[in-house]
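Asks: Next up, input.cif (mmCIF, C-alpha atoms).
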```cif
data_query
loop_
_atom_site.label_atom_id
_atom_site.label_comp_id
_atom_site.auth_asym_id
_atom_site.auth_seq_id
_atom_site.Cartn_x
_atom_site.Cartn_y
_atom_site.Cartn_z
CA MET A 1 2.77 69.20 160.77
CA ASP A 2 6.52 69.40 161.32
CA GLU A 3 8.37 71.14 158.54
CA LYS A 4 11.32 69.13 157.32
CA PRO A 5 14.51 71.14 156.89
CA GLU A 6 15.60 71.48 153.29
CA ILE A 7 18.71 69.42 152.64
CA ARG A 8 21.01 70.90 150.03
CA PRO A 9 24.24 69.35 148.83
CA MET A 10 27.35 71.26 149.87
CA PRO A 11 29.46 72.63 147.03
CA ARG A 12 32.55 70.61 146.25
CA ILE A 13 36.00 71.41 144.98
CA GLY A 14 36.17 70.75 141.25
CA ASP A 15 32.46 71.44 140.66
CA PRO A 16 31.13 74.44 138.74
CA ALA A 17 30.47 77.30 141.16
CA PRO A 18 26.70 77.61 141.71
CA ALA A 19 25.30 80.42 139.55
CA PHE A 20 23.58 83.37 141.21
CA GLU A 21 22.28 86.87 140.56
CA ALA A 22 21.77 89.32 143.41
CA GLU A 23 21.74 92.90 144.54
CA THR A 24 25.04 94.23 145.82
CA THR A 25 26.42 97.55 147.00
CA TRP A 26 27.57 98.03 143.42
CA GLY A 27 24.21 97.12 141.87
CA HIS A 28 22.86 93.94 140.38
CA LEU A 29 25.63 91.40 139.77
CA ALA A 30 25.69 87.81 138.53
CA LEU A 31 28.36 85.17 138.99
CA GLU A 32 28.90 85.15 135.23
CA ASP A 33 29.96 88.82 135.39
CA PHE A 34 33.17 87.60 137.08
CA LYS A 35 34.14 85.05 134.41
CA ASP A 36 37.60 85.21 132.82
CA ARG A 37 39.11 86.31 136.16
CA TRP A 38 39.50 84.63 139.52
CA LEU A 39 36.92 85.41 142.18
CA ILE A 40 37.04 85.19 145.94
CA LEU A 41 33.47 85.01 147.23
CA PHE A 42 33.49 85.36 150.99
CA SER A 43 30.75 85.54 153.59
CA HIS A 44 30.69 87.21 156.99
CA PRO A 45 28.16 86.84 159.82
CA ALA A 46 26.88 90.40 160.11
CA ASP A 47 27.55 94.05 159.31
CA PHE A 48 28.62 96.39 162.13
CA THR A 49 30.40 93.66 164.08
CA PRO A 50 34.05 93.97 165.18
CA VAL A 51 35.64 90.81 163.75
CA CYS A 52 33.93 91.34 160.39
CA THR A 53 35.10 94.94 160.35
CA THR A 54 38.71 93.85 160.87
CA GLU A 55 38.28 91.38 158.01
CA PHE A 56 36.88 94.00 155.64
CA LEU A 57 39.82 96.24 156.46
CA ALA A 58 42.17 93.31 155.82
CA PHE A 59 40.52 92.40 152.51
CA ALA A 60 40.72 96.05 151.46
CA GLU A 61 44.43 95.97 152.27
CA ILE A 62 45.14 92.99 149.98
CA HIS A 63 42.71 94.13 147.26
CA LYS A 64 45.43 95.67 145.08
CA GLU A 65 47.63 92.58 145.29
CA LEU A 66 44.65 90.38 144.46
CA LYS A 67 43.70 92.59 141.53
CA ASP A 68 47.23 92.32 140.17
CA LEU A 69 46.88 88.52 140.42
CA GLY A 70 43.67 88.71 138.38
CA VAL A 71 41.39 88.15 141.36
CA ASP A 72 38.16 90.00 142.17
CA LEU A 73 36.52 90.11 145.59
CA LEU A 74 32.84 89.80 146.47
CA GLY A 75 31.64 89.92 150.07
CA LEU A 76 28.31 88.55 151.28
CA SER A 77 26.08 88.46 154.34
CA VAL A 78 22.36 88.17 154.99
CA ASP A 79 22.14 91.91 155.72
CA SER A 80 20.32 94.27 153.35
CA VAL A 81 21.98 96.51 150.75
CA THR A 82 21.07 99.49 152.92
CA ALA A 83 22.85 97.96 155.92
CA HIS A 84 25.88 97.13 153.76
CA ILE A 85 26.03 100.68 152.43
CA ALA A 86 25.76 102.12 155.95
CA TRP A 87 28.51 99.80 157.18
CA VAL A 88 31.01 100.45 154.38
CA ARG A 89 30.40 104.20 154.80
CA ASN A 90 30.98 103.80 158.54
CA ILE A 91 34.25 101.95 157.88
CA GLU A 92 35.36 104.76 155.58
CA GLU A 93 34.44 107.36 158.20
CA LYS A 94 35.96 105.60 161.23
CA PHE A 95 39.00 103.93 159.62
CA GLN A 96 39.57 106.09 156.52
CA VAL A 97 39.46 102.98 154.35
CA LYS A 98 37.27 102.79 151.25
CA ILE A 99 35.96 99.27 150.67
CA PRO A 100 37.05 98.58 147.08
CA PHE A 101 34.78 95.61 146.35
CA PRO A 102 31.02 94.96 146.21
CA VAL A 103 29.07 93.34 149.04
CA LEU A 104 26.16 91.06 148.17
CA ALA A 105 22.89 91.40 150.10
CA ASP A 106 21.65 87.86 150.63
CA SER A 107 18.59 88.68 152.73
CA ASP A 108 16.69 85.66 151.44
CA ARG A 109 19.76 83.42 151.99
CA LYS A 110 19.56 82.07 148.44
CA VAL A 111 23.28 82.34 147.73
CA ALA A 112 24.16 81.21 151.26
CA GLY A 113 22.05 78.11 150.66
CA LEU A 114 23.66 77.38 147.30
CA TYR A 115 27.16 77.59 148.78
CA GLY A 116 26.47 76.04 152.21
CA MET A 117 27.49 79.19 154.07
CA ILE A 118 25.15 78.70 157.02
CA MET A 119 26.32 76.26 159.67
CA PRO A 120 23.19 75.55 161.74
CA GLY A 121 25.25 74.25 164.65
CA GLU A 122 26.80 77.70 164.93
CA SER A 123 23.97 79.97 163.75
CA LYS A 124 20.74 79.17 161.97
CA THR A 125 20.48 82.62 160.44
CA GLU A 126 23.92 84.14 159.94
CA THR A 127 26.55 83.07 157.45
CA SER A 128 29.84 81.72 158.77
CA ARG A 129 33.21 82.99 157.59
CA CYS A 130 33.46 81.09 154.30
CA VAL A 131 35.93 81.67 151.49
CA PHE A 132 35.30 80.27 148.00
CA ILE A 133 38.07 80.60 145.47
CA ILE A 134 36.59 80.38 141.97
CA ASP A 135 38.76 80.19 138.85
CA PRO A 136 38.29 82.04 135.53
CA ARG A 137 36.25 79.08 134.19
CA GLN A 138 34.01 79.52 137.26
CA MET A 139 35.01 76.21 138.83
CA LEU A 140 35.29 75.96 142.61
CA ARG A 141 38.97 75.51 143.34
CA ALA A 142 39.23 75.96 147.12
CA MET A 143 36.92 76.42 150.08
CA ILE A 144 38.01 77.59 153.52
CA TYR A 145 35.65 77.79 156.47
CA TYR A 146 36.25 79.68 159.71
CA PRO A 147 34.01 79.88 162.78
CA MET A 148 32.37 83.16 163.69
CA SER A 149 34.86 83.80 166.50
CA THR A 150 37.98 83.59 164.30
CA GLY A 151 38.95 86.26 161.80
CA ARG A 152 40.51 85.07 158.57
CA ASN A 153 44.19 85.06 157.66
CA MET A 154 44.77 87.11 154.51
CA ALA A 155 48.28 85.74 154.01
CA GLU A 156 46.85 82.22 153.75
CA ILE A 157 44.16 83.30 151.30
CA LEU A 158 46.81 84.96 149.11
CA ARG A 159 49.03 81.89 149.43
CA VAL A 160 46.25 79.56 148.26
CA VAL A 161 45.49 81.79 145.25
CA LYS A 162 49.17 81.87 144.28
CA ALA A 163 49.50 78.11 144.77
CA LEU A 164 46.48 77.40 142.56
CA GLN A 165 47.76 79.75 139.86
CA THR A 166 51.20 78.10 140.05
CA THR A 167 49.59 74.68 139.71
CA ASP A 168 47.63 75.81 136.65
CA GLN A 169 50.60 77.48 135.02
CA HIS A 170 53.22 74.80 135.60
CA GLY A 171 51.31 71.53 136.17
CA VAL A 172 52.86 71.00 139.60
CA ALA A 173 51.67 70.67 143.21
CA THR A 174 52.82 72.72 146.18
CA PRO A 175 54.06 71.28 149.47
CA ALA A 176 53.00 72.14 153.00
CA ASN A 177 53.70 75.76 153.95
CA TRP A 178 54.80 76.52 150.37
CA GLN A 179 55.49 80.13 149.57
CA PRO A 180 55.99 81.61 146.08
CA GLY A 181 59.60 81.15 144.94
CA GLU A 182 60.08 77.90 146.82
CA MET A 183 60.47 74.47 145.22
CA VAL A 184 57.34 72.75 143.95
CA ILE A 185 56.39 69.08 143.79
CA VAL A 186 56.56 67.20 140.51
CA PRO A 187 53.43 65.04 140.15
CA PRO A 188 54.27 61.39 141.00
CA PRO A 189 54.84 59.09 138.01
CA ARG A 190 51.93 56.91 136.94
CA THR A 191 53.85 53.92 135.60
CA VAL A 192 56.83 51.80 136.64
CA GLU A 193 58.61 52.94 133.49
CA ALA A 194 58.07 56.60 134.39
CA ALA A 195 59.17 55.89 137.98
CA GLU A 196 62.46 54.49 136.69
CA GLN A 197 62.98 57.54 134.50
CA ARG A 198 62.05 59.97 137.23
CA LEU A 199 65.30 59.64 139.17
CA GLN A 200 67.30 60.54 136.06
CA GLN A 201 65.34 63.67 135.19
CA GLY A 202 67.41 66.13 137.22
CA PHE A 203 64.84 66.79 139.92
CA GLU A 204 65.67 66.93 143.61
CA CYS A 205 64.28 63.53 144.66
CA VAL A 206 63.98 61.80 148.03
CA ASP A 207 62.58 58.79 146.21
CA TRP A 208 60.82 58.10 142.91
CA TYR A 209 57.46 59.37 144.19
CA PHE A 210 58.81 62.44 146.00
CA CYS A 211 60.59 64.87 143.69
CA LYS A 212 60.80 68.62 143.82
CA LYS A 213 62.01 71.20 141.32
CA LYS A 214 62.60 74.90 141.08
CA LEU A 215 60.42 76.83 138.71
CA GLN A 216 62.21 78.84 136.04
CA MET B 1 25.72 97.59 138.37
CA ALA B 2 23.05 100.22 138.46
CA CYS B 3 24.22 102.33 135.54
CA ILE B 4 20.77 103.67 134.84
CA GLN B 5 19.42 105.27 138.00
CA PRO B 6 15.76 105.00 139.07
CA ASP B 7 15.06 108.48 137.66
CA GLY B 8 16.43 107.41 134.29
CA THR B 9 19.67 109.39 134.52
CA LEU B 10 23.06 107.74 134.14
CA ALA B 11 25.26 106.94 137.13
CA PRO B 12 28.82 108.31 136.74
CA SER B 13 30.18 104.83 135.94
CA GLY B 14 27.44 104.28 133.35
CA GLU B 15 28.21 107.60 131.77
CA ALA B 16 31.91 106.74 131.60
CA ILE B 17 31.10 103.45 129.86
CA LEU B 18 28.82 105.07 127.28
CA LEU B 19 31.43 107.78 126.66
CA ALA B 20 34.01 105.06 126.02
CA LEU B 21 31.62 103.40 123.58
CA GLN B 22 31.48 106.41 121.27
CA THR B 23 33.89 104.24 119.33
CA PRO B 24 33.08 100.49 119.37
CA LYS B 25 35.06 98.46 121.89
CA THR B 26 35.36 95.07 123.54
CA LEU B 27 34.58 94.62 127.24
CA GLY B 28 38.29 94.58 128.05
CA GLU B 29 38.94 97.78 126.13
CA VAL B 30 36.08 99.54 127.94
CA ALA B 31 37.41 98.32 131.31
CA GLN B 32 40.87 99.59 130.43
CA GLU B 33 39.67 102.98 129.20
CA THR B 34 37.31 103.61 132.13
CA ASP B 35 39.52 101.98 134.79
CA LEU B 36 36.47 100.01 135.93
CA ASP B 37 36.57 96.35 136.94
CA LEU B 38 35.76 93.95 134.10
CA PHE B 39 32.85 92.47 136.09
CA MET B 40 31.34 95.93 136.47
CA VAL B 41 31.63 96.59 132.75
CA ARG B 42 30.06 93.21 131.96
CA ALA B 43 27.14 93.87 134.34
CA ALA B 44 26.68 97.37 132.94
CA MET B 45 26.65 96.08 129.39
CA ARG B 46 23.88 93.64 130.28
CA GLU B 47 21.86 96.55 131.63
CA PHE B 48 22.59 98.78 128.62
CA LEU B 49 21.78 96.01 126.14
CA GLY B 50 18.43 95.53 127.91
CA ALA B 51 17.72 99.27 127.72
CA GLY B 52 18.71 99.43 124.06
CA TYR B 53 21.55 101.85 124.76
CA VAL B 54 24.22 99.60 123.26
CA GLU B 55 24.33 96.81 120.71
CA LYS B 56 26.74 93.93 120.39
CA GLU B 57 28.40 92.52 117.31
CA GLY B 58 30.68 89.58 118.03
CA PHE B 59 32.83 90.71 120.95
CA THR B 60 32.39 94.41 120.18
CA TYR B 61 29.89 96.79 121.75
CA ARG B 62 28.73 100.04 120.18
CA LEU B 63 26.48 102.93 121.23
CA THR B 64 22.96 103.03 119.70
CA PRO B 65 21.07 106.27 118.88
CA GLN B 66 19.10 105.78 122.16
CA GLY B 67 22.37 105.40 124.04
CA LEU B 68 23.71 108.56 122.46
CA THR B 69 20.54 110.44 123.43
CA ALA B 70 20.88 109.20 127.02
CA LEU B 71 24.52 110.26 127.07
CA GLU B 72 23.78 113.70 125.64
CA GLY B 73 21.12 114.30 128.24
CA SER B 74 23.43 113.41 131.07
CA GLY B 75 26.35 114.92 132.99
CA GLU B 76 29.62 115.35 131.11
CA ALA B 77 28.29 114.98 127.59
CA GLY B 78 25.25 117.11 128.27
CA ARG B 79 27.19 120.05 129.59
#
```
Hey, can you dump this file as structure tokens for me?

Replies:
Amino acid sequence: MDEKPEIRPMPRIGDPAPAFEAETTWGHLALEDFKDRWLILFSHPADFTPVCTTEFLAFAEIHKELKDLGVDLLGLSVDSVTAHIAWVRNIEEKFQVKIPFPVLADSDRKVAGLYGMIMPGESKTETSRCVFIIDPRQMLRAMIYYPMSTGRNMAEILRVVKALQTTDQHGVATPANWQPGEMVIVPPPRTVEAAEQRLQQGFECVDWYFCKKKLQ
Amino acid sequence: MACIQPDGTLAPSGEAILLALQTPKTLGEVAQETDLDLFMVRAAMREFLGAGYVEKEGFTYRLTPQGLTALEGSGEAGR
């Protein structure tokens, strides 16, 4: 009898991040251990591969900046803890970089399944390059997916974290290519009355629905 | 975090956490004193609570007599 593939819903922005517990290079960890801080959960296809190695080096490089922003990192692939340990030790030996975050061993693909990290059209067994940005309330706030052939851009990941934190802190949105320190977008008014007021509120407006302001 | 190793001894991070708990502390205070990540401290505390090495009252964790025994038989405190 043909076995039907299991169909799981993909995670969605604004939903609670799917809970998990798993073995990592730093021992047994659960999603709830990361509450009260931001978390970047990211998957890579396989240990001991060149693109993934460049990414681990790049994540290690931004780790301090992320930590200062209140963000923890957790890597993941379907490799075993032993393979992960061997790989991070190899990175330290060959590149003199200590990997300052845990790596989850998802050999049974449970977490990958929960988060939709496997793209069967690309690989039926390995996880793609997924990035899940989870807030301190453990809600999924952003998801970025890259194909196996393309290493991630750390500047963009940092930019998204800073944009989300700016949104939460100031109740604003951020325009295309926004960088910290630049003007932000004031949420559009919801009523005609508010639209009439908007142009008199001292914002830099193109029209009633398109106003920007500087953050203090 | 594997704070209690398979042979029953404490890992260095576990030992640091129990040392910090010689006076009761919150998770954040333990993280600050040990310079460990908060998620590591939270995971360790789950393990120590299960082993009976620490007890929790409100947001504060304290060492139990079993935790003190484990600490005394291990590394820094045992020397």

Asks: On this structure, which residues satisfy the PyMOL selection byres ((chain B) within 8 of (chain A)), written as a list in words?

Replies: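 Written out, the selection comes to Met1, Ala2, Leu38, Phe39, Met40, Arg42 and Ala43 of chain B.
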
Asks: With C-alpha atoms kept, could you save the residues just selected as a short mmCIF file (atom, residue, chain, number, x, y, z; two decimals), keeping the file's coordinate frame?

Replies:
```
data_model
loop_
_atom_site.label_atom_id
_atom_site.label_comp_id
_atom_site.auth_asym_id
_atom_site.auth_seq_id
_atom_site.Cartn_x
_atom_site.Cartn_y
_atom_site.Cartn_z
CA MET B 1 25.72 97.59 138.37
CA ALA B 2 23.05 100.22 138.46
CA LEU B 38 35.76 93.95 134.10
CA PHE B 39 32.85 92.47 136.09
CA MET B 40 31.34 95.93 136.47
CA ARG B 42 30.06 93.21 131.96
CA ALA B 43 27.14 93.87 134.34
#
```

Asks: Using Å and a single decimal, report how far atom CA of Leu57 of chain A sits from atom CA of Gln32 of chain B.

Replies: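 Here the two named atoms are 26.3 Å from each other.
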
Asks: Please write the residues picked by the PyMOL selection byres ((chain B and resi 10-24) around 6) on this file as a list in words.

Replies: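 Output from the PyMOL selection byres ((chain B and resi 10-24) around 6), applied to this file: Cys3, Ile4, Gln5, Thr9, Lys25, Tyr61, Arg62 and Leu63 of chain B.
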
Asks: Rank A:Leu199, A:Val78, A:Leu39, A:Val51 by their smallest atom-to-atom distance to Lys212 of chain A, using all atoms listed in the file, and report the top residue only.

Replies: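 With all atoms listed in the file as the atom set, the closest residue is A:Leu199.
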
Asks: Show which residues sit within 9 Å of Leu114 of chain A, as a PyMOL selection string. Count all atoms listed in the file, and ignore same-chain residues fewer than 6 positions away.

Replies: chain A and resi 8-11+18-20

Asks: Residues picked by the PyMOL selection byres ((chain A and resi 108) around 12) here, as JSON, numbers by chain?

Replies: {"A": [22, 23, 76, 77, 78, 79, 80, 104, 105, 106, 107, 109, 110, 111, 112, 113, 114, 125, 126, 127]}

Asks: For atom CA of Phe59 of chain B and atom CA of Gly28 of chain B, determine how far apart the two atoms are, in Å to one decimal place.

Replies: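 Interatomic distance here is 9.8 Å.
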
Asks: Can you measure atom CA of Asp35 of chain B to atom CA of Lys64 of chain A for me? One decimal in Å is fine.

Replies: 13.4 Å

Asks: Just checking: using only C-alpha atoms, which residue out of A:Tyr146, A:Trp178, A:Phe95, A:Trp87 ends up closest to Leu158 of chain A?

Replies: A:Trp178

Asks: Taking N, CA and C atoms as the atom set, what does segment 67-78 of chain A look like once completed, written as a compact mmCIF listing (two decimals), keeping the file's coordinate frame?

Replies:
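Saved to result-v8.txt:
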```
# COMPACT_ATOMS: atom_id res chain seq x y z
N LYS A 67 44.05 92.09 142.86
CA LYS A 67 43.70 92.59 141.53
C LYS A 67 44.84 92.34 140.55
N ASP A 68 46.06 92.57 141.02
CA ASP A 68 47.23 92.32 140.17
C ASP A 68 47.38 90.83 139.83
N LEU A 69 46.84 89.96 140.68
CA LEU A 69 46.88 88.52 140.42
C LEU A 69 45.67 88.08 139.57
N GLY A 70 44.84 89.04 139.18
CA GLY A 70 43.67 88.71 138.38
C GLY A 70 42.51 88.20 139.20
N VAL A 71 42.42 88.65 140.44
CA VAL A 71 41.39 88.15 141.36
C VAL A 71 40.46 89.30 141.78
N ASP A 72 39.16 89.06 141.66
CA ASP A 72 38.16 90.00 142.17
C ASP A 72 37.63 89.51 143.50
N LEU A 73 37.09 90.43 144.28
CA LEU A 73 36.52 90.11 145.59
C LEU A 73 35.03 90.41 145.60
N LEU A 74 34.27 89.55 146.27
CA LEU A 74 32.84 89.80 146.47
C LEU A 74 32.47 89.33 147.86
N GLY A 75 32.08 90.28 148.72
CA GLY A 75 31.64 89.92 150.07
C GLY A 75 30.17 89.56 150.09
N LEU A 76 29.72 88.97 151.17
CA LEU A 76 28.31 88.55 151.28
C LEU A 76 27.92 88.40 152.75
N SER A 77 26.72 88.87 153.07
CA SER A 77 26.08 88.46 154.34
C SER A 77 24.59 88.56 154.12
N VAL A 78 23.82 88.17 155.14
CA VAL A 78 22.36 88.17 154.99
C VAL A 78 21.77 89.56 155.27
```
